[in-house]
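Shown below: model_36.pdb, with PDB, C-alpha atoms.
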```
ATOM      1  CA  MET R   1     -20.641 -16.987  -3.648
ATOM      2  CA  GLY R   2     -21.692 -15.729  -0.237
ATOM      3  CA  LEU R   3     -19.856 -14.165   2.670
ATOM      4  CA  THR R   4     -16.099 -14.272   3.056
ATOM      5  CA  ILE R   5     -13.681 -13.094   5.722
ATOM      6  CA  GLY R   6     -10.785 -10.755   5.031
ATOM      7  CA  VAL R   7      -7.785 -10.638   7.362
ATOM      8  CA  ASP R   8      -5.467  -7.649   7.700
ATOM      9  CA  ILE R   9      -2.220  -8.303   9.574
ATOM     10  CA  GLY R  10      -1.064  -5.061  11.168
ATOM     11  CA  GLY R  11       1.921  -4.232  13.304
ATOM     12  CA  THR R  12      -0.145  -3.997  16.492
ATOM     13  CA  LYS R  13      -3.392  -5.808  15.682
ATOM     14  CA  ILE R  14      -4.831  -8.453  13.387
ATOM     15  CA  ALA R  15      -8.296  -7.575  12.088
ATOM     16  CA  ALA R  16     -10.723 -10.035  10.519
ATOM     17  CA  GLY R  17     -13.971  -8.901   8.930
ATOM     18  CA  VAL R  18     -16.975 -10.553   7.324
ATOM     19  CA  VAL R  19     -17.534  -8.976   3.911
ATOM     20  CA  ASP R  20     -20.444  -9.409   1.518
ATOM     21  CA  GLU R  21     -20.285  -9.415  -2.283
ATOM     22  CA  GLU R  22     -20.864  -5.647  -2.434
ATOM     23  CA  GLY R  23     -17.826  -4.943  -0.267
ATOM     24  CA  ASN R  24     -19.761  -4.150   2.896
ATOM     25  CA  ILE R  25     -18.152  -5.132   6.193
ATOM     26  CA  LEU R  26     -20.781  -6.854   8.322
ATOM     27  CA  SER R  27     -18.726  -7.590  11.432
ATOM     28  CA  THR R  28     -15.133  -7.404  12.624
ATOM     29  CA  PHE R  29     -12.997  -9.052  15.265
ATOM     30  CA  LYS R  30      -9.539  -7.890  16.327
ATOM     31  CA  VAL R  31      -6.739  -9.462  18.312
ATOM     32  CA  PRO R  32      -3.285  -8.133  19.264
ATOM     33  CA  THR R  33      -0.461  -9.027  16.890
ATOM     34  CA  PRO R  34       1.918 -11.451  18.657
ATOM     35  CA  THR R  35       5.669 -11.313  18.303
ATOM     36  CA  THR R  36       6.467 -14.827  17.073
ATOM     37  CA  PRO R  37       5.609 -16.301  13.652
ATOM     38  CA  GLN R  38       3.697 -19.299  14.969
ATOM     39  CA  ALA R  39       1.752 -17.206  17.440
ATOM     40  CA  ILE R  40       0.700 -14.944  14.570
ATOM     41  CA  VAL R  41      -0.775 -17.940  12.740
ATOM     42  CA  ASP R  42      -2.709 -18.830  15.892
ATOM     43  CA  ALA R  43      -3.895 -15.221  16.212
ATOM     44  CA  ILE R  44      -5.108 -15.164  12.602
ATOM     45  CA  ALA R  45      -7.163 -18.277  13.294
ATOM     46  CA  ALA R  46      -8.571 -16.728  16.477
ATOM     47  CA  ALA R  47      -9.556 -13.560  14.634
ATOM     48  CA  VAL R  48     -11.277 -15.572  11.890
ATOM     49  CA  GLU R  49     -13.206 -17.612  14.454
ATOM     50  CA  GLY R  50     -14.258 -14.478  16.273
ATOM     51  CA  ALA R  51     -15.477 -12.744  13.114
ATOM     52  CA  ARG R  52     -17.363 -15.732  11.696
ATOM     53  CA  ALA R  53     -19.649 -16.159  14.717
ATOM     54  CA  GLY R  54     -23.251 -16.068  13.489
ATOM     55  CA  HIS R  55     -22.310 -16.027   9.797
ATOM     56  CA  GLU R  56     -22.150 -18.693   7.095
ATOM     57  CA  ILE R  57     -18.673 -18.218   5.610
ATOM     58  CA  VAL R  58     -17.422 -19.704   2.338
ATOM     59  CA  GLY R  59     -13.763 -18.663   2.418
ATOM     60  CA  VAL R  60     -10.995 -16.557   3.940
ATOM     61  CA  GLY R  61      -8.565 -14.117   2.321
ATOM     62  CA  ILE R  62      -5.408 -13.052   4.162
ATOM     63  CA  GLY R  63      -3.415  -9.933   3.284
ATOM     64  CA  ALA R  64       0.226 -10.467   4.239
ATOM     65  CA  ALA R  65       3.069  -7.973   3.915
ATOM     66  CA  GLY R  66       5.639  -9.884   1.925
ATOM     67  CA  TYR R  67       6.266 -11.941  -1.183
ATOM     68  CA  VAL R  68       3.447 -14.434  -1.766
ATOM     69  CA  ASN R  69       3.656 -17.186  -4.368
ATOM     70  CA  ARG R  70       1.454 -17.244  -7.440
ATOM     71  CA  GLN R  71      -0.627 -20.089  -5.995
ATOM     72  CA  ARG R  72      -1.683 -17.753  -3.158
ATOM     73  CA  SER R  73      -0.568 -20.232  -0.532
ATOM     74  CA  THR R  74       2.990 -19.597   0.660
ATOM     75  CA  VAL R  75       4.747 -16.483   1.935
ATOM     76  CA  TYR R  76       8.203 -16.622   0.374
ATOM     77  CA  PHE R  77       9.521 -13.826   2.563
ATOM     78  CA  ALA R  78       8.040 -11.272   4.970
ATOM     79  CA  PRO R  79      10.110  -8.260   6.015
ATOM     80  CA  ASN R  80       8.492  -7.723   9.417
ATOM     81  CA  ILE R  81       7.667 -11.315  10.396
ATOM     82  CA  ASP R  82      10.161 -14.167  10.409
ATOM     83  CA  TRP R  83       8.270 -16.045   7.689
ATOM     84  CA  ARG R  84      10.458 -17.801   5.145
ATOM     85  CA  GLN R  85       8.659 -20.219   2.775
ATOM     86  CA  GLU R  86       5.759 -20.119   5.235
ATOM     87  CA  PRO R  87       2.836 -22.410   4.174
ATOM     88  CA  LEU R  88       0.305 -19.949   5.563
ATOM     89  CA  LYS R  89      -2.685 -21.213   3.584
ATOM     90  CA  ASP R  90      -2.308 -24.787   4.842
ATOM     91  CA  GLU R  91      -1.639 -23.714   8.423
ATOM     92  CA  VAL R  92      -4.708 -21.479   8.700
ATOM     93  CA  GLU R  93      -6.970 -23.899   6.809
ATOM     94  CA  ALA R  94      -6.062 -26.619   9.296
ATOM     95  CA  ARG R  95      -7.217 -24.393  12.156
ATOM     96  CA  VAL R  96     -10.407 -22.848  10.752
ATOM     97  CA  GLY R  97     -11.701 -25.548   8.381
ATOM     98  CA  LEU R  98     -12.378 -23.076   5.558
ATOM     99  CA  PRO R  99     -10.754 -22.499   2.149
ATOM    100  CA  VAL R 100      -8.002 -19.881   2.510
ATOM    101  CA  VAL R 101      -6.136 -17.733  -0.007
ATOM    102  CA  VAL R 102      -3.104 -15.614   0.851
ATOM    103  CA  GLU R 103      -2.388 -12.368  -0.978
ATOM    104  CA  ASN R 104       0.184  -9.625  -0.700
ATOM    105  CA  ASP R 105      -1.376  -6.885   1.419
ATOM    106  CA  ALA R 106      -0.779  -4.106  -1.112
ATOM    107  CA  ASN R 107      -2.340  -6.249  -3.841
ATOM    108  CA  ALA R 108      -5.334  -6.845  -1.592
ATOM    109  CA  ALA R 109      -5.732  -3.124  -0.919
ATOM    110  CA  ALA R 110      -5.404  -2.355  -4.632
ATOM    111  CA  TRP R 111      -8.106  -4.877  -5.457
ATOM    112  CA  GLY R 112     -10.392  -3.454  -2.794
ATOM    113  CA  GLU R 113     -10.030   0.060  -4.219
ATOM    114  CA  TYR R 114     -10.481  -1.150  -7.797
ATOM    115  CA  LYS R 115     -13.569  -3.197  -7.030
ATOM    116  CA  PHE R 116     -15.345  -1.082  -4.413
ATOM    117  CA  GLY R 117     -13.521   2.238  -4.041
ATOM    118  CA  ALA R 118     -11.865   4.872  -6.201
ATOM    119  CA  GLY R 119     -11.246   2.458  -9.075
ATOM    120  CA  LYS R 120     -14.878   1.619  -9.794
ATOM    121  CA  GLY R 121     -15.564   2.075 -13.500
ATOM    122  CA  HIS R 122     -11.922   1.617 -14.536
ATOM    123  CA  ARG R 123     -10.490  -1.443 -16.291
ATOM    124  CA  ASN R 124      -6.827  -0.483 -15.990
ATOM    125  CA  VAL R 125      -5.555   1.087 -12.782
ATOM    126  CA  ILE R 126      -2.300   1.238 -10.889
ATOM    127  CA  CYS R 127      -2.487   1.658  -7.128
ATOM    128  CA  ILE R 128       0.313   2.937  -4.957
ATOM    129  CA  THR R 129       0.292   3.122  -1.179
ATOM    130  CA  LEU R 130       2.248   5.989   0.324
ATOM    131  CA  GLY R 131       2.694   5.028   3.938
ATOM    132  CA  THR R 132       5.725   4.275   6.051
ATOM    133  CA  GLY R 133       7.021   2.602   2.884
ATOM    134  CA  LEU R 134       5.679   2.420  -0.673
ATOM    135  CA  GLY R 135       3.702  -0.477  -2.136
ATOM    136  CA  GLY R 136       1.250  -1.021  -4.925
ATOM    137  CA  GLY R 137      -0.871  -3.191  -7.141
ATOM    138  CA  ILE R 138      -1.577  -3.639 -10.847
ATOM    139  CA  ILE R 139      -5.026  -4.185 -12.336
ATOM    140  CA  ILE R 140      -4.993  -4.531 -16.120
ATOM    141  CA  GLY R 141      -8.016  -5.706 -18.069
ATOM    142  CA  ASN R 142     -10.009  -6.089 -14.835
ATOM    143  CA  LYS R 143      -7.488  -8.619 -13.508
ATOM    144  CA  LEU R 144      -4.997  -8.379 -10.674
ATOM    145  CA  ARG R 145      -1.594  -8.947 -12.220
ATOM    146  CA  ARG R 146       0.745 -10.800  -9.861
ATOM    147  CA  GLY R 147       3.494 -11.770 -12.309
ATOM    148  CA  HIS R 148       4.860 -15.217 -13.108
ATOM    149  CA  PHE R 149       6.109 -15.912  -9.576
ATOM    150  CA  GLY R 150       3.425 -13.881  -7.801
ATOM    151  CA  VAL R 151       5.644 -11.040  -6.609
ATOM    152  CA  ALA R 152       4.977  -8.248  -9.129
ATOM    153  CA  ALA R 153       4.201  -4.628  -8.201
ATOM    154  CA  GLU R 154       6.902  -4.202  -5.549
ATOM    155  CA  PHE R 155       7.051  -0.600  -6.701
ATOM    156  CA  GLY R 156       8.785   0.667  -3.604
ATOM    157  CA  HIS R 157      11.932  -1.186  -4.595
ATOM    158  CA  ILE R 158      12.316   0.160  -8.090
ATOM    159  CA  ARG R 159      15.756   1.772  -8.061
ATOM    160  CA  MET R 160      15.235   5.462  -8.723
ATOM    161  CA  VAL R 161      18.759   6.634  -7.820
ATOM    162  CA  PRO R 162      21.807   4.499  -8.685
ATOM    163  CA  ASP R 163      23.922   4.099  -5.554
ATOM    164  CA  GLY R 164      21.359   6.197  -3.660
ATOM    165  CA  LEU R 165      20.102   5.937  -0.114
ATOM    166  CA  LEU R 166      20.348   2.539   1.553
ATOM    167  CA  CYS R 167      16.972   0.802   1.734
ATOM    168  CA  GLY R 168      15.771  -1.682   4.315
ATOM    169  CA  CYS R 169      15.606  -4.283   1.543
ATOM    170  CA  GLY R 170      19.406  -4.115   1.236
ATOM    171  CA  SER R 171      19.465  -2.257  -2.073
ATOM    172  CA  GLN R 172      20.220   1.415  -2.662
ATOM    173  CA  GLY R 173      18.181   4.197  -4.201
ATOM    174  CA  CYS R 174      14.764   2.512  -3.938
ATOM    175  CA  TRP R 175      11.712   4.629  -4.722
ATOM    176  CA  GLU R 176      10.331   4.344  -1.183
ATOM    177  CA  GLN R 177      13.432   6.045   0.161
ATOM    178  CA  TYR R 178      12.309   9.180  -1.677
ATOM    179  CA  ALA R 179       8.492   8.923  -1.687
ATOM    180  CA  SER R 180       7.129   7.639   1.624
ATOM    181  CA  GLY R 181       6.270   8.744   5.130
ATOM    182  CA  ARG R 182       9.826   8.077   6.255
ATOM    183  CA  ALA R 183      11.150  10.208   3.404
ATOM    184  CA  LEU R 184       8.800  13.071   4.285
ATOM    185  CA  VAL R 185      10.032  13.160   7.877
ATOM    186  CA  ARG R 186      13.639  13.051   6.686
ATOM    187  CA  TYR R 187      13.067  15.986   4.327
ATOM    188  CA  ALA R 188      11.449  18.038   7.083
ATOM    189  CA  LYS R 189      14.199  17.350   9.600
ATOM    190  CA  GLN R 190      16.920  18.232   7.094
ATOM    191  CA  ARG R 191      15.221  21.483   6.080
ATOM    192  CA  ALA R 192      14.371  22.504   9.629
ATOM    193  CA  ASN R 193      17.971  21.939  10.651
ATOM    194  CA  ALA R 194      19.269  24.025   7.733
ATOM    195  CA  THR R 195      16.761  26.888   8.002
ATOM    196  CA  PRO R 196      15.009  26.831  11.385
ATOM    197  CA  GLU R 197      13.672  30.346  10.764
ATOM    198  CA  ASN R 198      11.459  28.841   8.024
ATOM    199  CA  ALA R 199      10.144  26.107  10.311
ATOM    200  CA  GLU R 200       8.862  28.012  13.319
ATOM    201  CA  ILE R 201       5.383  26.485  13.219
ATOM    202  CA  LEU R 202       6.712  22.998  12.529
ATOM    203  CA  LEU R 203       9.260  23.123  15.349
ATOM    204  CA  SER R 204       6.686  24.467  17.794
ATOM    205  CA  LEU R 205       4.540  21.382  17.333
ATOM    206  CA  GLY R 206       7.264  19.034  18.576
ATOM    207  CA  ASP R 207       9.945  19.478  21.187
ATOM    208  CA  GLY R 208      11.458  22.485  19.437
ATOM    209  CA  SER R 209      14.240  20.544  17.730
ATOM    210  CA  PRO R 210      14.421  19.017  14.234
ATOM    211  CA  ASP R 211      14.854  15.578  15.789
ATOM    212  CA  GLY R 212      11.444  15.942  17.451
ATOM    213  CA  ILE R 213       9.575  16.339  14.157
ATOM    214  CA  GLU R 214       6.973  13.645  13.431
ATOM    215  CA  GLY R 215       4.777  13.036  10.424
ATOM    216  CA  LYS R 216       1.663  14.472  12.087
ATOM    217  CA  HIS R 217       3.534  17.690  12.819
ATOM    218  CA  ILE R 218       4.419  18.154   9.143
ATOM    219  CA  SER R 219       0.793  17.828   8.080
ATOM    220  CA  MET R 220      -0.426  20.279  10.711
ATOM    221  CA  ALA R 221       2.311  22.786   9.937
ATOM    222  CA  ALA R 222       1.818  22.602   6.180
ATOM    223  CA  ARG R 223      -1.864  23.448   6.571
ATOM    224  CA  GLN R 224      -0.787  26.545   8.492
ATOM    225  CA  GLY R 225       1.610  27.580   5.730
ATOM    226  CA  ASP R 226       4.899  26.575   7.352
ATOM    227  CA  ALA R 227       7.489  26.933   4.583
ATOM    228  CA  VAL R 228       9.595  23.919   5.519
ATOM    229  CA  ALA R 229       6.561  21.642   5.879
ATOM    230  CA  VAL R 230       5.109  22.735   2.524
ATOM    231  CA  ASP R 231       8.471  22.335   0.798
ATOM    232  CA  SER R 232       8.895  18.850   2.294
ATOM    233  CA  TYR R 233       5.572  17.774   0.787
ATOM    234  CA  ARG R 234       6.645  19.205  -2.559
ATOM    235  CA  GLU R 235       9.860  17.205  -2.452
ATOM    236  CA  LEU R 236       7.995  13.991  -1.684
ATOM    237  CA  ALA R 237       5.499  14.780  -4.468
ATOM    238  CA  ARG R 238       8.306  15.430  -6.944
ATOM    239  CA  TRP R 239       9.597  11.906  -6.451
ATOM    240  CA  ALA R 240       6.151  10.320  -6.307
ATOM    241  CA  GLY R 241       5.046  11.974  -9.528
ATOM    242  CA  ALA R 242       8.250  11.066 -11.339
ATOM    243  CA  GLY R 243       7.696   7.437 -10.394
ATOM    244  CA  LEU R 244       4.112   7.530 -11.649
ATOM    245  CA  ALA R 245       5.369   8.857 -14.974
ATOM    246  CA  ASP R 246       7.643   5.817 -15.262
ATOM    247  CA  LEU R 247       4.762   3.489 -14.390
ATOM    248  CA  ALA R 248       2.626   5.188 -17.060
ATOM    249  CA  SER R 249       5.270   4.300 -19.633
ATOM    250  CA  LEU R 250       5.031   0.677 -18.532
ATOM    251  CA  PHE R 251       1.290   0.176 -18.006
ATOM    252  CA  ASP R 252      -0.611   3.147 -19.506
ATOM    253  CA  PRO R 253      -3.466   3.038 -16.950
ATOM    254  CA  SER R 254      -6.550   5.231 -17.020
ATOM    255  CA  ALA R 255      -6.025   6.117 -13.351
ATOM    256  CA  PHE R 256      -3.502   6.044 -10.560
ATOM    257  CA  ILE R 257      -5.054   5.498  -7.142
ATOM    258  CA  VAL R 258      -2.977   6.882  -4.288
ATOM    259  CA  GLY R 259      -3.617   5.250  -0.926
ATOM    260  CA  GLY R 260      -1.761   4.844   2.332
ATOM    261  CA  GLY R 261      -1.573   7.258   5.225
ATOM    262  CA  LEU R 262      -0.225  10.154   3.162
ATOM    263  CA  SER R 263      -3.270  10.077   0.898
ATOM    264  CA  ASP R 264      -5.334  11.178   3.902
ATOM    265  CA  GLU R 265      -3.840  14.639   3.360
ATOM    266  CA  GLY R 266      -5.899  14.998   0.181
ATOM    267  CA  GLU R 267      -4.965  17.798  -2.194
ATOM    268  CA  LEU R 268      -2.059  18.852   0.009
ATOM    269  CA  VAL R 269      -0.177  15.873  -1.426
ATOM    270  CA  LEU R 270      -2.224  14.960  -4.521
ATOM    271  CA  ASP R 271      -2.034  18.309  -6.307
ATOM    272  CA  PRO R 272       1.785  18.488  -6.336
ATOM    273  CA  ILE R 273       1.968  14.790  -7.283
ATOM    274  CA  ARG R 274      -0.220  15.487 -10.323
ATOM    275  CA  LYS R 275       1.987  18.387 -11.345
ATOM    276  CA  SER R 276       5.154  16.340 -11.000
ATOM    277  CA  TYR R 277       3.586  13.413 -12.874
ATOM    278  CA  LYS R 278       2.620  15.693 -15.770
ATOM    279  CA  ARG R 279       6.077  17.298 -15.698
ATOM    280  CA  TRP R 280       7.893  13.985 -16.109
ATOM    281  CA  LEU R 281       5.405  12.149 -18.329
ATOM    282  CA  VAL R 282       6.930  11.630 -21.770
ATOM    283  CA  GLY R 283       4.808  13.501 -24.306
ATOM    284  CA  GLY R 284       2.636  14.781 -21.491
ATOM    285  CA  ASN R 285       1.488  17.848 -23.410
ATOM    286  CA  TRP R 286       0.246  15.771 -26.338
ATOM    287  CA  ARG R 287      -1.105  12.516 -24.945
ATOM    288  CA  PRO R 288      -4.020  11.520 -22.709
ATOM    289  CA  VAL R 289      -3.049  11.798 -19.053
ATOM    290  CA  ALA R 290      -4.243   9.328 -16.419
ATOM    291  CA  ASP R 291      -6.220  10.610 -13.462
ATOM    292  CA  VAL R 292      -4.398  10.722 -10.127
ATOM    293  CA  ILE R 293      -7.041  10.179  -7.472
ATOM    294  CA  ALA R 294      -7.195   9.481  -3.751
ATOM    295  CA  ALA R 295      -8.136   6.063  -2.427
ATOM    296  CA  ARG R 296     -11.532   5.934  -0.737
ATOM    297  CA  LEU R 297     -11.563   2.863   1.493
ATOM    298  CA  GLY R 298      -8.828   3.958   3.887
ATOM    299  CA  ASN R 299      -7.600   1.319   6.312
ATOM    300  CA  GLU R 300     -10.399  -1.036   5.259
ATOM    301  CA  ALA R 301      -9.110  -1.494   1.689
ATOM    302  CA  GLY R 302      -6.830  -4.441   2.476
ATOM    303  CA  LEU R 303      -9.423  -6.311   4.525
ATOM    304  CA  VAL R 304     -12.173  -5.791   1.928
ATOM    305  CA  GLY R 305      -9.867  -6.656  -0.948
ATOM    306  CA  ALA R 306      -8.551  -9.819   0.701
ATOM    307  CA  ALA R 307     -12.092 -10.978   1.419
ATOM    308  CA  ASP R 308     -13.168 -10.413  -2.179
ATOM    309  CA  LEU R 309     -10.096 -12.156  -3.571
ATOM    310  CA  ALA R 310     -11.151 -15.244  -1.627
ATOM    311  CA  ARG R 311     -14.007 -15.434  -4.158
ATOM    312  CA  GLU R 312     -11.717 -15.097  -7.178
ATOM    313  CA  PRO R 313     -10.764 -18.241  -9.136
ATOM    314  CA  ASP R 314      -7.287 -19.676  -8.748
ATOM    315  CA  PRO R 315      -5.094 -17.407 -10.946
ATOM    316  CA  ILE R 316      -3.084 -20.437 -12.099
ATOM    317  CA  MET R 317      -6.110 -21.955 -13.818
TER     318      MET R 317
END
```
The structure given in the file should be rewritten as structure tokens.
Amino acid sequence: MGLTIGVDIGGTKIAAGVVDEEGNILSTFKVPTPTTPQAIVDAIAAAVEGARAGHEIVGVGIGAAGYVNRQRSTVYFAPNIDWRQEPLKDEVEARVGLPVVVENDANAAAWGEYKFGAGKGHRNVICITLGTGLGGGIIIGNKLRRGHFGVAAEFGHIRMVPDGLLCGCGSQGCWEQYASGRALVRYAKQRANATPENAEILLSLGDGSPDGIEGKHISMAARQGDAVAVDSYRELARWAGAGLADLASLFDPSAFIVGGGLSDEGELVLDPIRKSYKRWLVGGNWRPVADVIAARLGNEAGLVGAADLAREPDPIM
């Protein structure tokens, strides 16, 4: 179908990229992310126009953090942008004069990994993104499964602990409160405060206090054998693996693809996740066990996936 443009809306920048049918990014154009909803629409259009220069483009795919309707046109709700029933497809189409589809950003990243990254060769994969929060996507039978209303795979808000920690969504005990970058930092701060003698390396990388611990410090300290940092990763992995075991009971995929910033740590996080997953998987000693593998496309997964989804037929049809 030709070249399409994928758009990734980040907290500080909006990136648009021209992507071919093999998932190669041919050119990119970035603009700062504005602070108001309407200005963000204008910035998306500007990024698309900048990226398309010199290319014949047949469509645009936008990855948006939030609930997107099944028709891939309207953002029901976005947690970080004041979009409520936002007709994003129509607004961007009016500015760029190209067909536009809107997709949840985690779905777009999952599709990118399935089609061009770690999921190649699989028909049934579940993707989770372990970043500041926890998101995901479902591909079953080579199709992205959005659900009846378009808002499936909000894995981060599965309630893992009744009456547990308060989540930003307003609920309590959500999975992302126990398996995410925020959770990892919380674990490290709590452990460093309780046993500072076991966190000497970790504390030395910040300002010397538990409150000064950041995510990058935990990674660096864990690779140097810091006991608190290593134990914090194990705690995160315990929760992540337990959640994967639940998802296996629901979807029975051949592979789980773990993306997001925490996946950059490789086996430091993946190995304990696999062990926890096997520990909590019902019948795990007697049944086939899905692979747990790292995503390959990194920060480009959402852009590439959104661009490719612009070529996909309307899921309603």
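With distances restricted to only C-alpha atoms, R:His148 is the closest residue to Val68 (chain R) from R:Arg52, R:Lys275, R:His217, R:His148.
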Of the residues R:Asn124, R:Ser249, R:Ser254, R:Asn80, which is the one nearest to Thr36 (chain R), using only C-alpha atoms?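 Nearest to Thr36 (chain R): R:Asn80.
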Which residues, protein or nucleic acid, reach to within 12 Å of (9.2, 8.7, -9.3) in the file's coordinates when using all atoms listed in the file, and can you give that as an MDAnalysis selection string? chainID R and resid 128 134 155:161 173:180 235:249 273:274 276:281
Calculated over all atoms listed in the file, which of the candidates R:Gly181, R:Gly23, R:Gly283, R:Gly17 has the smallest distance to Thr132 (chain R)?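 For Thr132 (chain R), the nearest of the given residues is R:Gly181.
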Applying 9 Å and all atoms listed in the file, which residues near Ala15 (chain R) remain after dropping the ones on its own chain fewer than 3 positions away? List them as a list in words.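 What passes the distance filter is Gly6, Val7, Asp8, Ile9, Gly10, Thr28, Phe29, Lys30, Val31, Pro32, Ile44, Ala47, Val48, Ala51 and Leu303 of chain R.
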Taking (-6.7, -16.2, -2.3) in the file's own coordinates, collect the residues within 7 Å, counting all atoms listed in the file, and hand them back as a list in words. Gly61, Arg72, Val100, Val101, Val102, Glu103, Leu309 and Ala310 of chain R
Extending 8 Å beyond the listed atoms of region 26-32 of chain R on each side, what axis-aligned box results? I want centre and edge lengths in Å to one decimal, as JSON.
```
{"center_x": -12.0, "center_y": -8.2, "center_z": 13.8, "size_x": 33.5, "size_y": 18.6, "size_z": 26.9}
```
Apply the PyMOL selection byres ((chain R and resi 91-93) around 10) to the displayed file and report the matching residues as a VMD selection string. chain R and resid 38 41 to 46 48 59 to 60 62 73 to 74 86 to 90 94 to 102
Selection to disk with C-alpha atoms, as a compact mmCIF listing (two decimals), in the frame of the given file:
```txt
# COMPACT_ATOMS: atom_id res chain seq x y z
CA GLN R 38 3.70 -19.30 14.97
CA VAL R 41 -0.78 -17.94 12.74
CA ASP R 42 -2.71 -18.83 15.89
CA ALA R 43 -3.90 -15.22 16.21
CA ILE R 44 -5.11 -15.16 12.60
CA ALA R 45 -7.16 -18.28 13.29
CA ALA R 46 -8.57 -16.73 16.48
CA VAL R 48 -11.28 -15.57 11.89
CA GLY R 59 -13.76 -18.66 2.42
CA VAL R 60 -11.00 -16.56 3.94
CA ILE R 62 -5.41 -13.05 4.16
CA SER R 73 -0.57 -20.23 -0.53
CA THR R 74 2.99 -19.60 0.66
CA GLU R 86 5.76 -20.12 5.24
CA PRO R 87 2.84 -22.41 4.17
CA LEU R 88 0.30 -19.95 5.56
CA LYS R 89 -2.68 -21.21 3.58
CA ASP R 90 -2.31 -24.79 4.84
CA ALA R 94 -6.06 -26.62 9.30
CA ARG R 95 -7.22 -24.39 12.16
CA VAL R 96 -10.41 -22.85 10.75
CA GLY R 97 -11.70 -25.55 8.38
CA LEU R 98 -12.38 -23.08 5.56
CA PRO R 99 -10.75 -22.50 2.15
CA VAL R 100 -8.00 -19.88 2.51
CA VAL R 101 -6.14 -17.73 -0.01
CA VAL R 102 -3.10 -15.61 0.85
```
